[in-house]
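Peer 1: Please find one structure pasted underneath; my questions will follow.
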There are 2 protein chains.
Amino acid sequence: MTSTTPSTQTDEPAGGVVKRRRDRAAREREILEAAERIFGERGYQGTSMDDVAAQVGVSKPLIYQYYGSKDGLFLACLARLRTQLLDTVSDAVLAAPDAEDALYAGFVAWFEFLDDHPQAWSVLIDEGMLGMSPAAGPAAQATDEVRAAFIDLIATMVRMNLPPGRTPDEDEIQIVAQSISGATERLAIWRSRTPTPPSPQKVARTLQTLLWQGLNPLRTPTT
Amino acid sequence: MTSTTPSTQTDEPAGGVVKRRRDRAAREREILEAAERIFGERGYQGTSMDDVAAQVGVSKPLIYQYYGSKDGLFLACLARLRTQLLDTVSDAVLAAPDAEDALYAGFVAWFEFLDDHPQAWSVLIDEGMLGMSPAAGPAAQATDEVRAAFIDLIATMVRMNLPPGRTPDEDEIQIVAQSISGATERLAIWRSRTPTPPSPQKVARTLQTLLWQGLNPLRTPTT
DNA sequence: GAAAGAACTTACTCGGAGTAAGTTACTCGG
DNA sequence: CCGAGTAACTTACTCCGAGTAAGTTCTTTC
């Protein structure tokens with residue numbers, strides 16, 4: 001009765017009504033894209049596996065077969081974004097001629113990436129994996145790893161710019177790196193919630209000035 | 001059969017076996033204490049209402065009658081902590097003779113409070129209410145309000161210390177305030193997860209120096 | 001010592017994560 | 001062309017946690 005033209009099935013579904021079977025890789029990609037979108041829109045908690053399944057037009061157990069669990073699916077989304085974001089920022093930093101420029105370039109790259117990938121950002125920090133206690137799921141761990149990678153990057157930058165004579169105080173370096181990471185994260189959240197946020201360049205510039213010269217510039221008439 | 005001595009019931013339960021009825025206020029307090037502890041240990045998601053009920057030795061619907069919902073219970077925990085934390089930090093800031101000292105004093109108060117109330121901190125930020133999307137529950141909103149109060153405090157401090165001639169650039173003030181808030185939050189999380197973190201004083205000092213003078217001090221042989 | 005009301009419970013519904021076991025479509029050797 | 005084998009997929013559950021309806025004690029008060 002419902003026999004429709006079988007369609008080629010090797011590519012995108014034809015304009016027909018039913019989606020037929022796809023091979024595993026294609027289906028996985030399809031699921032991942034839907035998941036990234038829905039997680040981005042509704043957050044981790046707000047997304048049910050049935051939602052994703054319905055969106056793809058597939059049944060829930062299939063997703064479990066491919067991704068194991070909700071965390072597994074979320075982690076898969078994260079992996080892509082993590083790589084992209086880290087690469088983007090590292091590239092910008094490494095291309096800069098000196099530390100002062102690297103700081104600015106890194107910030108600009110960070111904020112621009114997040115502007116260009118709004119739901120990526122939601123996936124990365126939404127549902128507030130930020131402060132989760134150790135007992136939280138593997139998803140929290142994964143976001144923590146992304147963060148740790150950035151903190152390492154920052155700490156390395158700081159270390160590289162210590163003068164030769166200076167004994168590196170690892171505590172101080174950690175404090176500074178954690179601070180910068182925290183500041184950029186909060187700024188990103190703030191920008192994403194402000195109707196017309198300042199441009200990446202403006203934010204990066206202000207932050208760079210703050211970090212490089214401290215609060216004093218704000219206290220003198222000349223910027 | 002199970003009739004035990006009725007016990008006085010006006011105070012803590014006697015050494016007896018069964019807890020009898022208490023009046024509402026007492027029970028509410030008892031529930032709140034248990035909730036604060038369990039939320040602190042296992043986070044919001046990790047805590048079930050049945051857990052809390054079992055801990056208090058009471059049935060779940062009673063908690064719902066008193067607190068309405070899981071969010072309601074969580075919010076009640078938050079309210080106390082929020083007030084305490086805000087007051088502690090504001091007092092320290094206001095008692096300082098000038099802006100530079102206020103910055104330091106505020107940081108010290110913040111980190112010391114969190115050292116003294118470890119599970120308070122967990123309640124405040126655990127379960128990562130930090131980055132939740134707008135669609136997240138009222139609990140996320142409440143933590144956001146705590147944060148907003150701090151950001152206001154910081155922004156006010158910054159504004160008060162602008163020289164008379166300087167036109168306040170609200171964007172820049174926001175950027176700075178958000179940064180500081182983000183930095184202190186991340187430092188708090190970091191300290192809570194580091195086995196032997198640097199003292200509140202050391203962290204506060206480093207952060208104050210960073211903000212006041214920028215990264216330059218790290219680049220010169222003299223601290 | 002009963003009426004009234006506060007304190008409290010049993011026994012559910014409902015939704016979402018995760019699973020067991022089966023069914024359908026494609027493919028490849030004969 | 002045709003069955004066997006297997007990959008793709010589904011129906012129909014279980015289980016657990018939030019939230020609720022409808023009572024059942026205890027305790028106070030006249």
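Letters A, B, ... mark the chains of the structure tokens in the order given; residue numbers begin at 1 per chain; ligand numbers begin at 1, in order shown.
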Select, as a PDB file with C-alpha atoms, in the first residue's frame, those residues of chain B with any atom no more than 8 Å from chain C (distances computed using only C-alpha atoms (C1' of nucleotides)).
Peer 2:
```
ATOM      1  CA  ARG B  21       5.490  15.537  64.832  1.00  0.00           C
ATOM      2  CA  ARG B  22       7.064  18.938  65.009  1.00  0.00           C
ATOM      3  CA  ASP B  23       5.417  22.207  64.238  1.00  0.00           C
ATOM      4  CA  ARG B  24       5.760  23.611  60.799  1.00  0.00           C
ATOM      5  CA  SER B  59       7.628  11.806  53.322  1.00  0.00           C
ATOM      6  CA  LEU B  62       5.378  17.170  53.042  1.00  0.00           C
TER       7      LEU B  62
END
```
Peer 1: Can you check which parts of chain D lie within 9 Å of chain B? Per residue, the shortest pair of atoms and distance in Å to one decimal, counting only C-alpha atoms (C1' of nucleotides), sorted by chain and number, as CSV.
Peer 2:
```
residue,atom,partner,partner_atom,distance
D:DG17,C1',B:Ser48,CA,6.8
D:DA18,C1',B:Met49,CA,7.9
D:DG19,C1',B:Ser69,CA,7.8
D:DT20,C1',B:Pro61,CA,8.3
D:DC26,C1',B:Arg21,CA,7.9
```
Peer 1: Take the residues that were just selected and, keeping C-alpha atoms (C1' of nucleotides), output them as a PDB file, in the first residue's frame.
Peer 2:
```pdb
ATOM      1  C1'  DG D  17      12.483  10.838  39.771  1.00  0.00           C
ATOM      2  C1'  DA D  18       9.237  15.039  39.942  1.00  0.00           C
ATOM      3  C1'  DG D  19       4.924  16.180  41.284  1.00  0.00           C
ATOM      4  C1'  DT D  20      -0.154  15.182  43.118  1.00  0.00           C
ATOM      5  C1'  DC D  26      -2.070  13.468  65.954  1.00  0.00           C
TER       6       DC D  26
END
```
Peer 1: I'd like to know which of B:Leu32, B:Ala188, B:Met157, B:Ile125 is closest to chain A, using only C-alpha atoms.
Peer 2: B:Ile125
Peer 1: Can you pull out every residue within 12 Å of B:Lys202, counting only C-alpha atoms (C1' of nucleotides), but drop anything in the same chain fewer than 5 positions away, and send it as a PyMOL selection string?
Peer 2: (chain A and resi 169+171-172+174-176) or (chain B and resi 104-105+107-108+111-112+187+191+197+207-209)
Peer 1: When you look at B:Val89 with a cut-off of 12 Å (counting only C-alpha atoms (C1' of nucleotides)), what residues show up, excluding the ones that are within fewer than 4 positions of it in the same chain? I need them as a ChimeraX atom specification.
Peer 2: /B:82-85,93-96,102-114,149-150,153-154
Peer 1: Hey, can you check how far atom CA of B:Val146 sits from atom CA of B:Gly72?
Peer 2: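 Distance reported for this atom pair: 16.2 Å.
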Peer 1: As a VMD selection string, please: all residues of stretch 69-223 of chain B that backbone DSSP puts in helix (DSSP H, G or I).
Peer 2: chain B and resid 70 to 95 99 to 116 118 to 128 138 to 160 170 to 193 200 to 213 216 to 219
Peer 1: State, in Å with one decimal place, the distance from atom CA of A:Thr156 to atom CA of B:Ala183.
Peer 2: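 Distance reported for this atom pair: 18.2 Å.
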Peer 1: List the neighbours of B:Ile173 out to 12 Å using only C-alpha atoms (C1' of nucleotides); skip same-chain residues closer than 2 positions along the sequence, and give me the result as a PDB file with N, CA and C atoms, in the first residue's frame.
Peer 2:
```
ATOM      1  N   PRO A 198      28.862  45.014  22.645  1.00  0.00           N
ATOM      2  CA  PRO A 198      29.996  45.660  21.976  1.00  0.00           C
ATOM      3  C   PRO A 198      30.698  44.651  21.051  1.00  0.00           C
ATOM      4  N   VAL A 203      35.573  44.605  22.937  1.00  0.00           N
ATOM      5  CA  VAL A 203      35.717  43.813  24.155  1.00  0.00           C
ATOM      6  C   VAL A 203      37.167  43.349  24.293  1.00  0.00           C
ATOM      7  N   THR A 206      39.409  46.291  25.321  1.00  0.00           N
ATOM      8  CA  THR A 206      39.250  46.679  26.724  1.00  0.00           C
ATOM      9  C   THR A 206      39.899  45.663  27.652  1.00  0.00           C
ATOM     10  N   LEU A 207      39.648  44.408  27.349  1.00  0.00           N
ATOM     11  CA  LEU A 207      40.194  43.350  28.187  1.00  0.00           C
ATOM     12  C   LEU A 207      41.719  43.325  28.116  1.00  0.00           C
ATOM     13  N   LEU A 210      43.015  46.212  30.084  1.00  0.00           N
ATOM     14  CA  LEU A 210      42.864  45.936  31.515  1.00  0.00           C
ATOM     15  C   LEU A 210      43.971  45.012  31.997  1.00  0.00           C
ATOM     16  N   LEU A 215      43.912  48.580  35.964  1.00  0.00           N
ATOM     17  CA  LEU A 215      42.769  49.485  35.979  1.00  0.00           C
ATOM     18  C   LEU A 215      43.178  50.931  35.816  1.00  0.00           C
ATOM     19  N   LEU A 218      41.769  53.430  33.186  1.00  0.00           N
ATOM     20  CA  LEU A 218      40.409  53.915  33.387  1.00  0.00           C
ATOM     21  C   LEU A 218      40.394  55.137  34.290  1.00  0.00           C
ATOM     22  N   ARG A 219      41.455  55.319  35.033  1.00  0.00           N
ATOM     23  CA  ARG A 219      41.448  56.379  36.027  1.00  0.00           C
ATOM     24  C   ARG A 219      42.098  57.652  35.518  1.00  0.00           C
TER      25      ARG A 219
ATOM     26  N   ILE B 151      28.098  42.040  40.266  1.00  0.00           N
ATOM     27  CA  ILE B 151      28.570  42.827  39.136  1.00  0.00           C
ATOM     28  C   ILE B 151      28.211  44.298  39.339  1.00  0.00           C
ATOM     29  N   ASP B 152      27.031  44.511  39.888  1.00  0.00           N
ATOM     30  CA  ASP B 152      26.630  45.877  40.212  1.00  0.00           C
ATOM     31  C   ASP B 152      27.595  46.504  41.207  1.00  0.00           C
ATOM     32  N   LEU B 153      27.899  45.742  42.212  1.00  0.00           N
ATOM     33  CA  LEU B 153      28.816  46.239  43.237  1.00  0.00           C
ATOM     34  C   LEU B 153      30.150  46.636  42.612  1.00  0.00           C
ATOM     35  N   ILE B 154      30.662  45.767  41.761  1.00  0.00           N
ATOM     36  CA  ILE B 154      31.943  46.041  41.125  1.00  0.00           C
ATOM     37  C   ILE B 154      31.841  47.269  40.213  1.00  0.00           C
ATOM     38  N   ALA B 155      30.773  47.298  39.432  1.00  0.00           N
ATOM     39  CA  ALA B 155      30.602  48.420  38.503  1.00  0.00           C
ATOM     40  C   ALA B 155      30.528  49.741  39.261  1.00  0.00           C
ATOM     41  N   THR B 156      29.851  49.713  40.377  1.00  0.00           N
ATOM     42  CA  THR B 156      29.752  50.925  41.188  1.00  0.00           C
ATOM     43  C   THR B 156      31.127  51.359  41.680  1.00  0.00           C
ATOM     44  N   MET B 157      31.888  50.388  42.148  1.00  0.00           N
ATOM     45  CA  MET B 157      33.242  50.698  42.604  1.00  0.00           C
ATOM     46  C   MET B 157      34.058  51.343  41.490  1.00  0.00           C
ATOM     47  N   VAL B 158      33.960  50.759  40.326  1.00  0.00           N
ATOM     48  CA  VAL B 158      34.730  51.290  39.211  1.00  0.00           C
ATOM     49  C   VAL B 158      34.280  52.716  38.895  1.00  0.00           C
ATOM     50  N   ARG B 159      32.989  52.901  38.838  1.00  0.00           N
ATOM     51  CA  ARG B 159      32.447  54.215  38.487  1.00  0.00           C
ATOM     52  C   ARG B 159      32.876  55.280  39.487  1.00  0.00           C
ATOM     53  N   MET B 160      32.844  54.893  40.757  1.00  0.00           N
ATOM     54  CA  MET B 160      33.183  55.859  41.797  1.00  0.00           C
ATOM     55  C   MET B 160      34.624  56.307  41.704  1.00  0.00           C
ATOM     56  N   ASN B 161      35.433  55.521  41.044  1.00  0.00           N
ATOM     57  CA  ASN B 161      36.849  55.847  41.012  1.00  0.00           C
ATOM     58  C   ASN B 161      37.312  56.420  39.683  1.00  0.00           C
ATOM     59  N   LEU B 162      36.348  56.716  38.844  1.00  0.00           N
ATOM     60  CA  LEU B 162      36.719  57.420  37.628  1.00  0.00           C
ATOM     61  C   LEU B 162      37.057  58.855  38.001  1.00  0.00           C
ATOM     62  N   THR B 167      34.606  60.750  30.873  1.00  0.00           N
ATOM     63  CA  THR B 167      33.246  60.351  30.524  1.00  0.00           C
ATOM     64  C   THR B 167      33.122  58.855  30.761  1.00  0.00           C
ATOM     65  N   PRO B 168      32.190  58.447  31.574  1.00  0.00           N
ATOM     66  CA  PRO B 168      32.095  57.015  31.808  1.00  0.00           C
ATOM     67  C   PRO B 168      31.597  56.288  30.561  1.00  0.00           C
ATOM     68  N   ASP B 169      32.380  55.365  30.097  1.00  0.00           N
ATOM     69  CA  ASP B 169      31.967  54.533  28.974  1.00  0.00           C
ATOM     70  C   ASP B 169      31.315  53.285  29.561  1.00  0.00           C
ATOM     71  N   GLU B 170      29.994  53.261  29.506  1.00  0.00           N
ATOM     72  CA  GLU B 170      29.278  52.178  30.181  1.00  0.00           C
ATOM     73  C   GLU B 170      29.671  50.797  29.651  1.00  0.00           C
ATOM     74  N   ASP B 171      29.930  50.725  28.377  1.00  0.00           N
ATOM     75  CA  ASP B 171      30.359  49.439  27.835  1.00  0.00           C
ATOM     76  C   ASP B 171      31.641  48.967  28.501  1.00  0.00           C
ATOM     77  N   ILE B 175      32.286  45.693  30.745  1.00  0.00           N
ATOM     78  CA  ILE B 175      33.280  44.689  30.376  1.00  0.00           C
ATOM     79  C   ILE B 175      34.205  44.394  31.547  1.00  0.00           C
ATOM     80  N   VAL B 176      34.641  45.462  32.194  1.00  0.00           N
ATOM     81  CA  VAL B 176      35.542  45.277  33.323  1.00  0.00           C
ATOM     82  C   VAL B 176      34.847  44.548  34.463  1.00  0.00           C
ATOM     83  N   ALA B 177      33.627  44.970  34.764  1.00  0.00           N
ATOM     84  CA  ALA B 177      32.909  44.344  35.884  1.00  0.00           C
ATOM     85  C   ALA B 177      32.630  42.871  35.606  1.00  0.00           C
ATOM     86  N   GLN B 178      32.204  42.576  34.396  1.00  0.00           N
ATOM     87  CA  GLN B 178      31.949  41.182  34.044  1.00  0.00           C
ATOM     88  C   GLN B 178      33.226  40.362  34.144  1.00  0.00           C
ATOM     89  N   SER B 179      34.315  40.941  33.705  1.00  0.00           N
ATOM     90  CA  SER B 179      35.585  40.224  33.748  1.00  0.00           C
ATOM     91  C   SER B 179      35.970  39.873  35.177  1.00  0.00           C
ATOM     92  N   ILE B 180      35.854  40.853  36.028  1.00  0.00           N
ATOM     93  CA  ILE B 180      36.257  40.620  37.415  1.00  0.00           C
ATOM     94  C   ILE B 180      35.366  39.567  38.048  1.00  0.00           C
TER      95      ILE B 180
END
```
